[in-house]
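A.B. asks: This is the content of input.cif (mmCIF, N, CA and C atoms):
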```cif
data_run
loop_
_atom_site.label_atom_id
_atom_site.label_comp_id
_atom_site.auth_asym_id
_atom_site.auth_seq_id
_atom_site.Cartn_x
_atom_site.Cartn_y
_atom_site.Cartn_z
N VAL A 1 38.75 -30.39 148.13
CA VAL A 1 37.60 -29.96 148.92
C VAL A 1 38.02 -28.79 149.80
N VAL A 2 37.33 -27.70 149.63
CA VAL A 2 37.60 -26.51 150.42
C VAL A 2 36.86 -26.62 151.75
N PRO A 3 37.58 -26.48 152.86
CA PRO A 3 36.90 -26.59 154.16
C PRO A 3 35.96 -25.41 154.39
N ALA A 4 34.92 -25.65 155.16
CA ALA A 4 33.96 -24.60 155.50
C ALA A 4 34.64 -23.55 156.37
N ASP A 5 34.09 -22.35 156.35
CA ASP A 5 34.64 -21.26 157.16
C ASP A 5 34.68 -21.62 158.64
N GLU A 6 33.66 -22.37 159.10
CA GLU A 6 33.61 -22.77 160.50
C GLU A 6 34.79 -23.70 160.84
N GLU A 7 35.12 -24.59 159.91
CA GLU A 7 36.23 -25.53 160.12
C GLU A 7 37.56 -24.77 160.16
N ILE A 8 37.73 -23.81 159.27
CA ILE A 8 38.94 -22.99 159.25
C ILE A 8 39.06 -22.20 160.56
N GLU A 9 37.96 -21.63 161.01
CA GLU A 9 37.95 -20.89 162.27
C GLU A 9 38.32 -21.78 163.44
N LYS A 10 37.81 -23.01 163.44
CA LYS A 10 38.11 -23.98 164.51
C LYS A 10 39.61 -24.31 164.52
N ILE A 11 40.17 -24.53 163.35
CA ILE A 11 41.59 -24.87 163.24
C ILE A 11 42.46 -23.71 163.69
N THR A 12 42.18 -22.50 163.19
CA THR A 12 43.01 -21.35 163.56
C THR A 12 42.86 -21.01 165.05
N THR A 13 41.69 -21.24 165.60
CA THR A 13 41.50 -21.02 167.05
C THR A 13 42.35 -22.01 167.84
N LEU A 14 42.35 -23.27 167.42
CA LEU A 14 43.18 -24.28 168.09
C LEU A 14 44.66 -23.89 168.00
N LEU A 15 45.10 -23.49 166.80
CA LEU A 15 46.51 -23.10 166.63
C LEU A 15 46.87 -21.88 167.48
N ASP A 16 45.97 -20.91 167.54
CA ASP A 16 46.20 -19.74 168.40
C ASP A 16 46.28 -20.14 169.87
N SER A 17 45.44 -21.10 170.26
CA SER A 17 45.46 -21.59 171.65
C SER A 17 46.79 -22.28 171.96
N ILE A 18 47.25 -23.11 171.05
CA ILE A 18 48.55 -23.78 171.23
C ILE A 18 49.64 -22.74 171.32
N ARG A 19 49.58 -21.75 170.44
CA ARG A 19 50.58 -20.68 170.41
C ARG A 19 50.62 -19.92 171.74
N ALA A 20 49.46 -19.70 172.32
CA ALA A 20 49.39 -18.93 173.57
C ALA A 20 49.83 -19.74 174.78
N THR A 21 49.59 -21.04 174.76
CA THR A 21 49.88 -21.85 175.96
C THR A 21 51.24 -22.52 175.94
N CYS A 22 51.84 -22.68 174.78
CA CYS A 22 53.15 -23.35 174.70
C CYS A 22 54.26 -22.31 174.82
N THR A 23 54.74 -22.12 176.04
CA THR A 23 55.77 -21.12 176.27
C THR A 23 57.17 -21.71 176.28
N THR A 24 57.27 -23.04 176.30
CA THR A 24 58.58 -23.69 176.27
C THR A 24 58.66 -24.63 175.08
N LYS A 25 59.87 -24.99 174.73
CA LYS A 25 60.09 -25.92 173.63
C LYS A 25 59.44 -27.28 173.94
N GLU A 26 59.54 -27.72 175.18
CA GLU A 26 58.97 -29.00 175.58
C GLU A 26 57.45 -29.00 175.42
N GLN A 27 56.81 -27.91 175.80
CA GLN A 27 55.36 -27.81 175.64
C GLN A 27 54.97 -27.84 174.16
N PHE A 28 55.75 -27.16 173.34
CA PHE A 28 55.48 -27.15 171.90
C PHE A 28 55.63 -28.56 171.32
N GLU A 29 56.68 -29.28 171.74
CA GLU A 29 56.89 -30.64 171.25
C GLU A 29 55.73 -31.56 171.64
N LYS A 30 55.21 -31.40 172.85
CA LYS A 30 54.05 -32.19 173.27
C LYS A 30 52.82 -31.87 172.42
N ALA A 31 52.63 -30.58 172.12
CA ALA A 31 51.51 -30.18 171.27
C ALA A 31 51.66 -30.75 169.86
N VAL A 32 52.89 -30.78 169.35
CA VAL A 32 53.15 -31.36 168.03
C VAL A 32 52.72 -32.83 168.04
N GLN A 33 53.14 -33.56 169.06
CA GLN A 33 52.80 -34.98 169.14
C GLN A 33 51.29 -35.20 169.24
N LYS A 34 50.60 -34.29 169.89
CA LYS A 34 49.16 -34.45 170.08
C LYS A 34 48.34 -34.00 168.87
N PHE A 35 48.73 -32.90 168.21
CA PHE A 35 47.87 -32.29 167.22
C PHE A 35 48.38 -32.33 165.77
N SER A 36 49.67 -32.46 165.56
CA SER A 36 50.20 -32.35 164.19
C SER A 36 49.74 -33.48 163.28
N THR A 37 49.47 -33.13 162.04
CA THR A 37 49.13 -34.12 161.02
C THR A 37 50.26 -34.29 160.01
N ASP A 38 51.34 -33.53 160.20
CA ASP A 38 52.50 -33.63 159.31
C ASP A 38 53.44 -34.71 159.85
N THR A 39 53.41 -35.88 159.23
CA THR A 39 54.17 -37.03 159.76
C THR A 39 55.67 -36.78 159.77
N GLN A 40 56.18 -36.06 158.77
CA GLN A 40 57.63 -35.84 158.70
C GLN A 40 58.14 -35.03 159.88
N THR A 41 57.51 -33.90 160.17
CA THR A 41 57.99 -33.09 161.30
C THR A 41 57.51 -33.65 162.64
N LYS A 42 56.39 -34.34 162.64
CA LYS A 42 55.89 -34.94 163.89
C LYS A 42 56.88 -35.97 164.41
N SER A 43 57.48 -36.74 163.51
CA SER A 43 58.45 -37.75 163.93
C SER A 43 59.72 -37.12 164.51
N LYS A 44 59.90 -35.81 164.27
CA LYS A 44 61.07 -35.09 164.79
C LYS A 44 60.67 -34.07 165.85
N ASN A 45 59.54 -34.33 166.52
CA ASN A 45 59.02 -33.41 167.55
C ASN A 45 58.82 -31.99 167.04
N GLY A 46 58.44 -31.87 165.78
CA GLY A 46 58.17 -30.56 165.22
C GLY A 46 59.39 -29.87 164.64
N ASP A 47 60.54 -30.53 164.66
CA ASP A 47 61.76 -29.91 164.15
C ASP A 47 61.71 -29.85 162.63
N PHE A 48 61.63 -28.65 162.12
CA PHE A 48 61.56 -28.38 160.68
C PHE A 48 62.96 -28.28 160.08
N GLY A 49 63.97 -28.18 160.94
CA GLY A 49 65.35 -28.06 160.49
C GLY A 49 65.72 -26.62 160.18
N TRP A 50 66.97 -26.44 159.79
CA TRP A 50 67.47 -25.11 159.43
C TRP A 50 67.11 -24.82 157.99
N HIS A 51 66.64 -23.60 157.74
CA HIS A 51 66.29 -23.20 156.38
C HIS A 51 66.68 -21.75 156.17
N SER A 52 67.08 -21.47 154.95
CA SER A 52 67.30 -20.09 154.56
C SER A 52 65.96 -19.38 154.59
N ILE A 53 65.95 -18.12 154.94
CA ILE A 53 64.71 -17.35 154.99
C ILE A 53 64.00 -17.39 153.64
N TYR A 54 64.78 -17.50 152.56
CA TYR A 54 64.20 -17.50 151.21
C TYR A 54 63.61 -18.85 150.82
N SER A 55 63.91 -19.90 151.55
CA SER A 55 63.37 -21.22 151.22
C SER A 55 62.17 -21.58 152.08
N LEU A 56 61.78 -20.68 152.97
CA LEU A 56 60.63 -20.95 153.84
C LEU A 56 59.33 -20.83 153.05
N PRO A 57 58.28 -21.52 153.51
CA PRO A 57 56.98 -21.37 152.85
C PRO A 57 56.61 -19.89 152.77
N GLY A 58 56.04 -19.48 151.65
CA GLY A 58 55.76 -18.08 151.34
C GLY A 58 55.26 -17.21 152.45
N LYS A 59 54.12 -17.53 153.02
CA LYS A 59 53.53 -16.66 154.04
C LYS A 59 54.31 -16.71 155.35
N PHE A 60 54.99 -17.83 155.61
CA PHE A 60 55.77 -17.92 156.84
C PHE A 60 57.00 -17.04 156.75
N GLU A 61 57.53 -16.88 155.55
CA GLU A 61 58.72 -16.04 155.37
C GLU A 61 58.47 -14.65 155.93
N THR A 62 57.30 -14.08 155.66
CA THR A 62 57.01 -12.73 156.15
C THR A 62 56.70 -12.74 157.65
N ARG A 63 56.10 -13.80 158.15
CA ARG A 63 55.79 -13.88 159.58
C ARG A 63 57.04 -14.12 160.43
N SER A 64 58.04 -14.80 159.85
CA SER A 64 59.22 -15.14 160.63
C SER A 64 60.03 -13.91 161.02
N ASP A 65 59.93 -12.84 160.22
CA ASP A 65 60.67 -11.62 160.54
C ASP A 65 60.22 -11.00 161.85
N SER A 66 58.94 -11.15 162.19
CA SER A 66 58.42 -10.53 163.40
C SER A 66 58.31 -11.50 164.57
N THR A 67 58.75 -12.74 164.38
CA THR A 67 58.69 -13.74 165.45
C THR A 67 60.06 -13.84 166.11
N LEU A 68 60.10 -13.65 167.41
CA LEU A 68 61.35 -13.69 168.15
C LEU A 68 61.75 -15.13 168.48
N VAL A 69 63.01 -15.33 168.81
CA VAL A 69 63.50 -16.64 169.21
C VAL A 69 62.71 -17.11 170.43
N GLY A 70 62.23 -18.35 170.37
CA GLY A 70 61.45 -18.93 171.45
C GLY A 70 59.95 -18.68 171.31
N GLN A 71 59.56 -17.89 170.32
CA GLN A 71 58.15 -17.61 170.10
C GLN A 71 57.60 -18.46 168.97
N ILE A 72 56.27 -18.53 168.92
CA ILE A 72 55.56 -19.25 167.87
C ILE A 72 54.84 -18.22 167.00
N CYS A 73 54.98 -18.36 165.69
CA CYS A 73 54.35 -17.41 164.78
C CYS A 73 52.84 -17.62 164.74
N PRO A 74 52.10 -16.61 164.32
CA PRO A 74 50.65 -16.78 164.13
C PRO A 74 50.39 -17.84 163.06
N PRO A 75 49.18 -18.43 163.04
CA PRO A 75 48.86 -19.46 162.04
C PRO A 75 49.08 -18.97 160.61
N VAL A 76 49.64 -19.86 159.79
CA VAL A 76 49.95 -19.56 158.41
C VAL A 76 49.23 -20.59 157.54
N GLN A 77 48.58 -20.11 156.48
CA GLN A 77 47.95 -21.04 155.54
C GLN A 77 48.97 -21.41 154.47
N GLU A 78 49.15 -22.71 154.26
CA GLU A 78 50.05 -23.23 153.23
C GLU A 78 49.27 -24.21 152.39
N ASP A 79 48.94 -23.82 151.18
CA ASP A 79 48.14 -24.65 150.27
C ASP A 79 46.85 -25.08 150.97
N ASP A 80 46.75 -26.35 151.33
CA ASP A 80 45.53 -26.86 151.93
C ASP A 80 45.68 -27.14 153.42
N ALA A 81 46.64 -26.50 154.06
CA ALA A 81 46.88 -26.75 155.49
C ALA A 81 47.15 -25.43 156.22
N TYR A 82 46.98 -25.49 157.53
CA TYR A 82 47.34 -24.37 158.40
C TYR A 82 48.43 -24.85 159.34
N ALA A 83 49.38 -23.98 159.64
CA ALA A 83 50.52 -24.38 160.46
C ALA A 83 50.96 -23.23 161.35
N ILE A 84 51.66 -23.60 162.42
CA ILE A 84 52.37 -22.64 163.25
C ILE A 84 53.81 -23.13 163.34
N TYR A 85 54.73 -22.20 163.52
CA TYR A 85 56.15 -22.53 163.61
C TYR A 85 56.73 -21.87 164.84
N ARG A 86 57.62 -22.60 165.49
CA ARG A 86 58.34 -22.07 166.65
C ARG A 86 59.76 -21.78 166.20
N ILE A 87 60.24 -20.59 166.46
CA ILE A 87 61.61 -20.20 166.10
C ILE A 87 62.53 -20.56 167.26
N ASP A 88 63.48 -21.46 167.01
CA ASP A 88 64.43 -21.84 168.05
C ASP A 88 65.69 -20.98 168.00
N ALA A 89 66.06 -20.51 166.82
CA ALA A 89 67.27 -19.69 166.70
C ALA A 89 67.31 -19.07 165.31
N TYR A 90 68.05 -18.00 165.20
CA TYR A 90 68.35 -17.39 163.91
C TYR A 90 69.86 -17.46 163.72
N ARG A 91 70.27 -17.65 162.50
CA ARG A 91 71.70 -17.60 162.16
C ARG A 91 71.86 -16.71 160.95
N LYS A 92 72.96 -15.99 160.91
CA LYS A 92 73.23 -15.15 159.74
C LYS A 92 73.52 -16.06 158.55
N ASP A 93 74.74 -16.39 158.33
CA ASP A 93 75.16 -17.30 157.27
C ASP A 93 75.91 -18.45 157.91
N ARG A 94 75.82 -19.60 157.29
CA ARG A 94 76.55 -20.74 157.80
C ARG A 94 76.80 -21.71 156.67
N ARG A 95 77.75 -22.58 156.88
CA ARG A 95 78.02 -23.64 155.91
C ARG A 95 77.03 -24.77 156.13
N TYR A 96 76.64 -25.41 155.03
CA TYR A 96 75.78 -26.58 155.15
C TYR A 96 76.57 -27.73 155.76
N THR A 97 75.88 -28.53 156.59
CA THR A 97 76.48 -29.73 157.14
C THR A 97 75.52 -30.89 156.88
N LEU A 98 76.08 -32.09 156.77
CA LEU A 98 75.23 -33.25 156.56
C LEU A 98 74.27 -33.45 157.74
N GLU A 99 74.75 -33.18 158.93
CA GLU A 99 73.94 -33.38 160.12
C GLU A 99 72.72 -32.45 160.14
N ASP A 100 72.92 -31.18 159.86
CA ASP A 100 71.83 -30.21 159.94
C ASP A 100 71.00 -30.11 158.66
N ASP A 101 71.60 -30.45 157.52
CA ASP A 101 70.97 -30.16 156.25
C ASP A 101 70.75 -31.38 155.35
N TRP A 102 70.70 -32.55 155.95
CA TRP A 102 70.60 -33.78 155.16
C TRP A 102 69.40 -33.74 154.20
N ASP A 103 68.22 -33.38 154.70
CA ASP A 103 67.02 -33.37 153.87
C ASP A 103 67.15 -32.37 152.72
N LEU A 104 67.69 -31.20 153.00
CA LEU A 104 67.87 -30.18 151.98
C LEU A 104 68.87 -30.64 150.91
N ILE A 105 69.99 -31.21 151.34
CA ILE A 105 71.01 -31.68 150.41
C ILE A 105 70.47 -32.84 149.57
N ALA A 106 69.72 -33.75 150.20
CA ALA A 106 69.14 -34.88 149.47
C ALA A 106 68.15 -34.39 148.41
N GLU A 107 67.34 -33.41 148.77
CA GLU A 107 66.36 -32.86 147.82
C GLU A 107 67.06 -32.19 146.64
N GLN A 108 68.11 -31.44 146.93
CA GLN A 108 68.87 -30.79 145.85
C GLN A 108 69.53 -31.82 144.95
N ALA A 109 70.05 -32.89 145.53
CA ALA A 109 70.66 -33.96 144.73
C ALA A 109 69.62 -34.62 143.82
N LYS A 110 68.41 -34.84 144.34
CA LYS A 110 67.34 -35.41 143.51
C LYS A 110 66.99 -34.47 142.37
N ASN A 111 66.92 -33.18 142.65
CA ASN A 111 66.60 -32.20 141.61
C ASN A 111 67.67 -32.16 140.53
N ILE A 112 68.93 -32.22 140.93
CA ILE A 112 70.03 -32.22 139.96
C ILE A 112 69.99 -33.47 139.10
N ALA A 113 69.74 -34.62 139.72
CA ALA A 113 69.65 -35.89 138.98
C ALA A 113 68.49 -35.86 137.99
N ALA A 114 67.35 -35.32 138.41
CA ALA A 114 66.19 -35.23 137.52
C ALA A 114 66.47 -34.29 136.35
N GLN A 115 67.14 -33.18 136.61
CA GLN A 115 67.50 -32.25 135.53
C GLN A 115 68.43 -32.92 134.54
N LYS A 116 69.41 -33.66 135.05
CA LYS A 116 70.36 -34.34 134.17
C LYS A 116 69.65 -35.36 133.29
N LYS A 117 68.71 -36.12 133.87
CA LYS A 117 67.95 -37.09 133.08
C LYS A 117 67.15 -36.39 131.99
N LEU A 118 66.54 -35.28 132.31
CA LEU A 118 65.75 -34.54 131.33
C LEU A 118 66.64 -33.99 130.21
N ILE A 119 67.78 -33.45 130.57
CA ILE A 119 68.71 -32.93 129.55
C ILE A 119 69.18 -34.06 128.65
N ASP A 120 69.52 -35.21 129.22
CA ASP A 120 69.94 -36.36 128.43
C ASP A 120 68.83 -36.84 127.50
N LEU A 121 67.59 -36.85 127.99
CA LEU A 121 66.45 -37.28 127.18
C LEU A 121 66.21 -36.32 126.01
N VAL A 122 66.27 -35.05 126.27
CA VAL A 122 66.09 -34.06 125.20
C VAL A 122 67.21 -34.20 124.17
N GLN A 123 68.42 -34.39 124.63
CA GLN A 123 69.55 -34.57 123.70
C GLN A 123 69.35 -35.83 122.85
N LYS A 124 68.87 -36.90 123.46
CA LYS A 124 68.60 -38.14 122.73
C LYS A 124 67.53 -37.90 121.66
N TRP A 125 66.46 -37.21 122.02
CA TRP A 125 65.40 -36.91 121.05
C TRP A 125 65.94 -36.06 119.91
N ARG A 126 66.81 -35.12 120.21
CA ARG A 126 67.38 -34.27 119.15
C ARG A 126 68.20 -35.11 118.18
N ASN A 127 68.92 -36.07 118.72
CA ASN A 127 69.77 -36.92 117.87
C ASN A 127 68.95 -37.92 117.05
N GLU A 128 67.79 -38.34 117.55
CA GLU A 128 67.00 -39.36 116.90
C GLU A 128 65.88 -38.80 116.01
N THR A 129 65.57 -37.55 116.17
CA THR A 129 64.45 -36.96 115.42
C THR A 129 64.96 -36.29 114.17
N PHE A 130 64.31 -36.63 113.04
CA PHE A 130 64.67 -36.05 111.77
C PHE A 130 63.57 -35.09 111.36
N ILE A 131 63.95 -33.89 111.01
CA ILE A 131 62.99 -32.89 110.55
C ILE A 131 63.37 -32.50 109.13
N ASP A 132 62.42 -32.63 108.24
CA ASP A 132 62.64 -32.29 106.84
C ASP A 132 61.93 -30.98 106.57
N ILE A 133 62.67 -29.96 106.26
CA ILE A 133 62.10 -28.65 105.99
C ILE A 133 62.15 -28.42 104.49
N ARG A 134 60.99 -28.21 103.88
CA ARG A 134 60.91 -27.97 102.44
C ARG A 134 60.33 -26.60 102.20
N LEU A 135 60.97 -25.91 101.31
CA LEU A 135 60.48 -24.57 100.97
C LEU A 135 59.85 -24.57 99.61
#
```
Translate the structure described by the file into structure tokens.

C.D. replies:
Amino acid sequence: VVPADEEIEKITTLLDSIRATCTTKEQFEKAVQKFSTDTQTKSKNGDFGWHSIYSLPGKFETRSDSTLVGQICPPVQEDDAYAIYRIDAYRKDRRYTLEDDWDLIAEQAKNIAAQKKLIDLVQKWRNETFIDIRL
């Protein structure tokens, strides 16, 4: 269901208002607890974790370049939702750690396991399938 233009305007106005009034991290965390519908980040006071610029949601990737540390980016549409992000810090390159990157590492491990299962299944089908080619 596509929301009406009035509903989209209401949401983006609310997000712009939050963006304008939340000048500290604590204020942003309170706004997350009050308004966020994303249960995963809401449970972490809005902490999205560390991400490579290339792994950020598409439209946010371009907005993050112009958002300074401590600022909140303008509203970004992601699929069927609108979001704002607060930049707490930028880092050049760093090593992954379990503490900072647990969710990312877990997701990559799931993807690798799923790929391995698919490769094994295709190999099994190749071994079990007989094709008779007649000319």

A.B. asks: Quick check for you: according to DSSP on this backbone, which residues of chain A are classed as strand (DSSP E or B)? Reply as a PyMOL selection string.

C.D. replies: chain A and resi 72+76-78+81-83+86

A.B. asks: Go ahead and find all residues with at least one atom no further than 10 Å from (52.1, -23.8, 161.8) in the file's coordinates, using only C-alpha atoms; report them as an NGL selection string.

C.D. replies: :A and (12 or 15-16 or 19 or 32 or 36 or 46 or 60 or 72-78 or 81-86)

A.B. asks: Export, as a PDB file, keeping the file's coordinate frame, the selected residues with N, CA and C atoms.

C.D. replies:
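Saved file out31.pdb follows:
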```pdb
ATOM      1  N   THR A  12      42.180 -22.500 163.190  1.00  0.00           N
ATOM      2  CA  THR A  12      43.010 -21.350 163.560  1.00  0.00           C
ATOM      3  C   THR A  12      42.860 -21.010 165.050  1.00  0.00           C
ATOM      4  N   LEU A  15      45.100 -23.490 166.800  1.00  0.00           N
ATOM      5  CA  LEU A  15      46.510 -23.100 166.630  1.00  0.00           C
ATOM      6  C   LEU A  15      46.870 -21.880 167.480  1.00  0.00           C
ATOM      7  N   ASP A  16      45.970 -20.910 167.540  1.00  0.00           N
ATOM      8  CA  ASP A  16      46.200 -19.740 168.400  1.00  0.00           C
ATOM      9  C   ASP A  16      46.280 -20.140 169.870  1.00  0.00           C
ATOM     10  N   ARG A  19      49.580 -21.750 170.440  1.00  0.00           N
ATOM     11  CA  ARG A  19      50.580 -20.680 170.410  1.00  0.00           C
ATOM     12  C   ARG A  19      50.620 -19.920 171.740  1.00  0.00           C
ATOM     13  N   VAL A  32      52.890 -30.780 169.350  1.00  0.00           N
ATOM     14  CA  VAL A  32      53.150 -31.360 168.030  1.00  0.00           C
ATOM     15  C   VAL A  32      52.720 -32.830 168.040  1.00  0.00           C
ATOM     16  N   SER A  36      49.670 -32.460 165.560  1.00  0.00           N
ATOM     17  CA  SER A  36      50.200 -32.350 164.190  1.00  0.00           C
ATOM     18  C   SER A  36      49.740 -33.480 163.280  1.00  0.00           C
ATOM     19  N   GLY A  46      58.440 -31.870 165.780  1.00  0.00           N
ATOM     20  CA  GLY A  46      58.170 -30.560 165.220  1.00  0.00           C
ATOM     21  C   GLY A  46      59.390 -29.870 164.640  1.00  0.00           C
ATOM     22  N   PHE A  60      54.990 -17.830 155.610  1.00  0.00           N
ATOM     23  CA  PHE A  60      55.770 -17.920 156.840  1.00  0.00           C
ATOM     24  C   PHE A  60      57.000 -17.040 156.750  1.00  0.00           C
ATOM     25  N   ILE A  72      56.270 -18.530 168.920  1.00  0.00           N
ATOM     26  CA  ILE A  72      55.560 -19.250 167.870  1.00  0.00           C
ATOM     27  C   ILE A  72      54.840 -18.220 167.000  1.00  0.00           C
ATOM     28  N   CYS A  73      54.980 -18.360 165.690  1.00  0.00           N
ATOM     29  CA  CYS A  73      54.350 -17.410 164.780  1.00  0.00           C
ATOM     30  C   CYS A  73      52.840 -17.620 164.740  1.00  0.00           C
ATOM     31  N   PRO A  74      52.100 -16.610 164.320  1.00  0.00           N
ATOM     32  CA  PRO A  74      50.650 -16.780 164.130  1.00  0.00           C
ATOM     33  C   PRO A  74      50.390 -17.840 163.060  1.00  0.00           C
ATOM     34  N   PRO A  75      49.180 -18.430 163.040  1.00  0.00           N
ATOM     35  CA  PRO A  75      48.860 -19.460 162.040  1.00  0.00           C
ATOM     36  C   PRO A  75      49.080 -18.970 160.610  1.00  0.00           C
ATOM     37  N   VAL A  76      49.640 -19.860 159.790  1.00  0.00           N
ATOM     38  CA  VAL A  76      49.950 -19.560 158.410  1.00  0.00           C
ATOM     39  C   VAL A  76      49.230 -20.590 157.540  1.00  0.00           C
ATOM     40  N   GLN A  77      48.580 -20.110 156.480  1.00  0.00           N
ATOM     41  CA  GLN A  77      47.950 -21.040 155.540  1.00  0.00           C
ATOM     42  C   GLN A  77      48.970 -21.410 154.470  1.00  0.00           C
ATOM     43  N   GLU A  78      49.150 -22.710 154.260  1.00  0.00           N
ATOM     44  CA  GLU A  78      50.050 -23.230 153.230  1.00  0.00           C
ATOM     45  C   GLU A  78      49.270 -24.210 152.390  1.00  0.00           C
ATOM     46  N   ALA A  81      46.640 -26.500 154.060  1.00  0.00           N
ATOM     47  CA  ALA A  81      46.880 -26.750 155.490  1.00  0.00           C
ATOM     48  C   ALA A  81      47.150 -25.430 156.220  1.00  0.00           C
ATOM     49  N   TYR A  82      46.980 -25.490 157.530  1.00  0.00           N
ATOM     50  CA  TYR A  82      47.340 -24.370 158.400  1.00  0.00           C
ATOM     51  C   TYR A  82      48.430 -24.850 159.340  1.00  0.00           C
ATOM     52  N   ALA A  83      49.380 -23.980 159.640  1.00  0.00           N
ATOM     53  CA  ALA A  83      50.520 -24.380 160.460  1.00  0.00           C
ATOM     54  C   ALA A  83      50.960 -23.230 161.350  1.00  0.00           C
ATOM     55  N   ILE A  84      51.660 -23.600 162.420  1.00  0.00           N
ATOM     56  CA  ILE A  84      52.370 -22.640 163.250  1.00  0.00           C
ATOM     57  C   ILE A  84      53.810 -23.130 163.340  1.00  0.00           C
ATOM     58  N   TYR A  85      54.730 -22.200 163.520  1.00  0.00           N
ATOM     59  CA  TYR A  85      56.150 -22.530 163.610  1.00  0.00           C
ATOM     60  C   TYR A  85      56.730 -21.870 164.840  1.00  0.00           C
ATOM     61  N   ARG A  86      57.620 -22.600 165.490  1.00  0.00           N
ATOM     62  CA  ARG A  86      58.340 -22.070 166.650  1.00  0.00           C
ATOM     63  C   ARG A  86      59.760 -21.780 166.200  1.00  0.00           C
TER      64      ARG A  86
END
```

A.B. asks: Given 8 Å of margin on each side, can you work out the centre and size in Å (one decimal) of an axis-aligned box holding every listed atom of range 35-41 of chain A, as JSON?

C.D. replies:
```
{"center_x": 53.0, "center_y": -34.7, "center_z": 163.5, "size_x": 26.3, "size_y": 20.7, "size_z": 25.5}
```

A.B. asks: In Å, with one decimal, what is the gap from CA of Leu98 in chain A to CA of Asp79 in chain A?

C.D. replies: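 Going from CA of Leu98 in chain A over to CA of Asp79 in chain A, I get 29.1 Å.
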
A.B. asks: I'd like to know which of A:Ile18, A:Thr97, A:Ser43, A:Ser52 is closest to Ala31 in chain A, using only C-alpha atoms.

C.D. replies: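 Checking each candidate against Ala31 in chain A, we get A:Ile18 as the closest.
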
A.B. asks: As an exercise, work out the distance from CA of Val69 in chain A to CA of Trp50 in chain A in Å and give it to one decimal place.

C.D. replies: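 Interatomic distance, CA of Val69 in chain A to CA of Trp50 in chain A: 13.5 Å.
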
A.B. asks: Separation of CA of Phe35 in chain A and CA of Ile11 in chain A, in Å?

C.D. replies: 10.5 Å

A.B. asks: Return the single residue from A:Ile87, A:Gln115, A:Glu7, A:Thr21 that is closest to Gly70 in chain A, with distances computed using all atoms listed in the file.

C.D. replies: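 Between A:Ile87, A:Gln115, A:Glu7, A:Thr21, the residue approaching Gly70 in chain A most closely is A:Ile87.
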
A.B. asks: Using all atoms listed in the file, which of the listed residues (A:Lys34, A:Glu9, A:Glu29, A:Asp132) sits closest to Asp47 in chain A?

C.D. replies: A:Glu29

A.B. asks: Any chance you could list, as number ranges by chain, the residues in chain A that come up alpha helix (DSSP H) when DSSP is run on the backbone?

C.D. replies: A: 5-21, 25-35, 39-42, 58-64, 98-128

A.B. asks: Please determine, counting all atoms listed in the file, which residue among A:Leu68, A:Ile133, A:Asp101, A:Ala4 has the shortest atom-to-atom distance to Ala89 in chain A.

C.D. replies: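 Smallest distance to Ala89 in chain A is found for A:Leu68.
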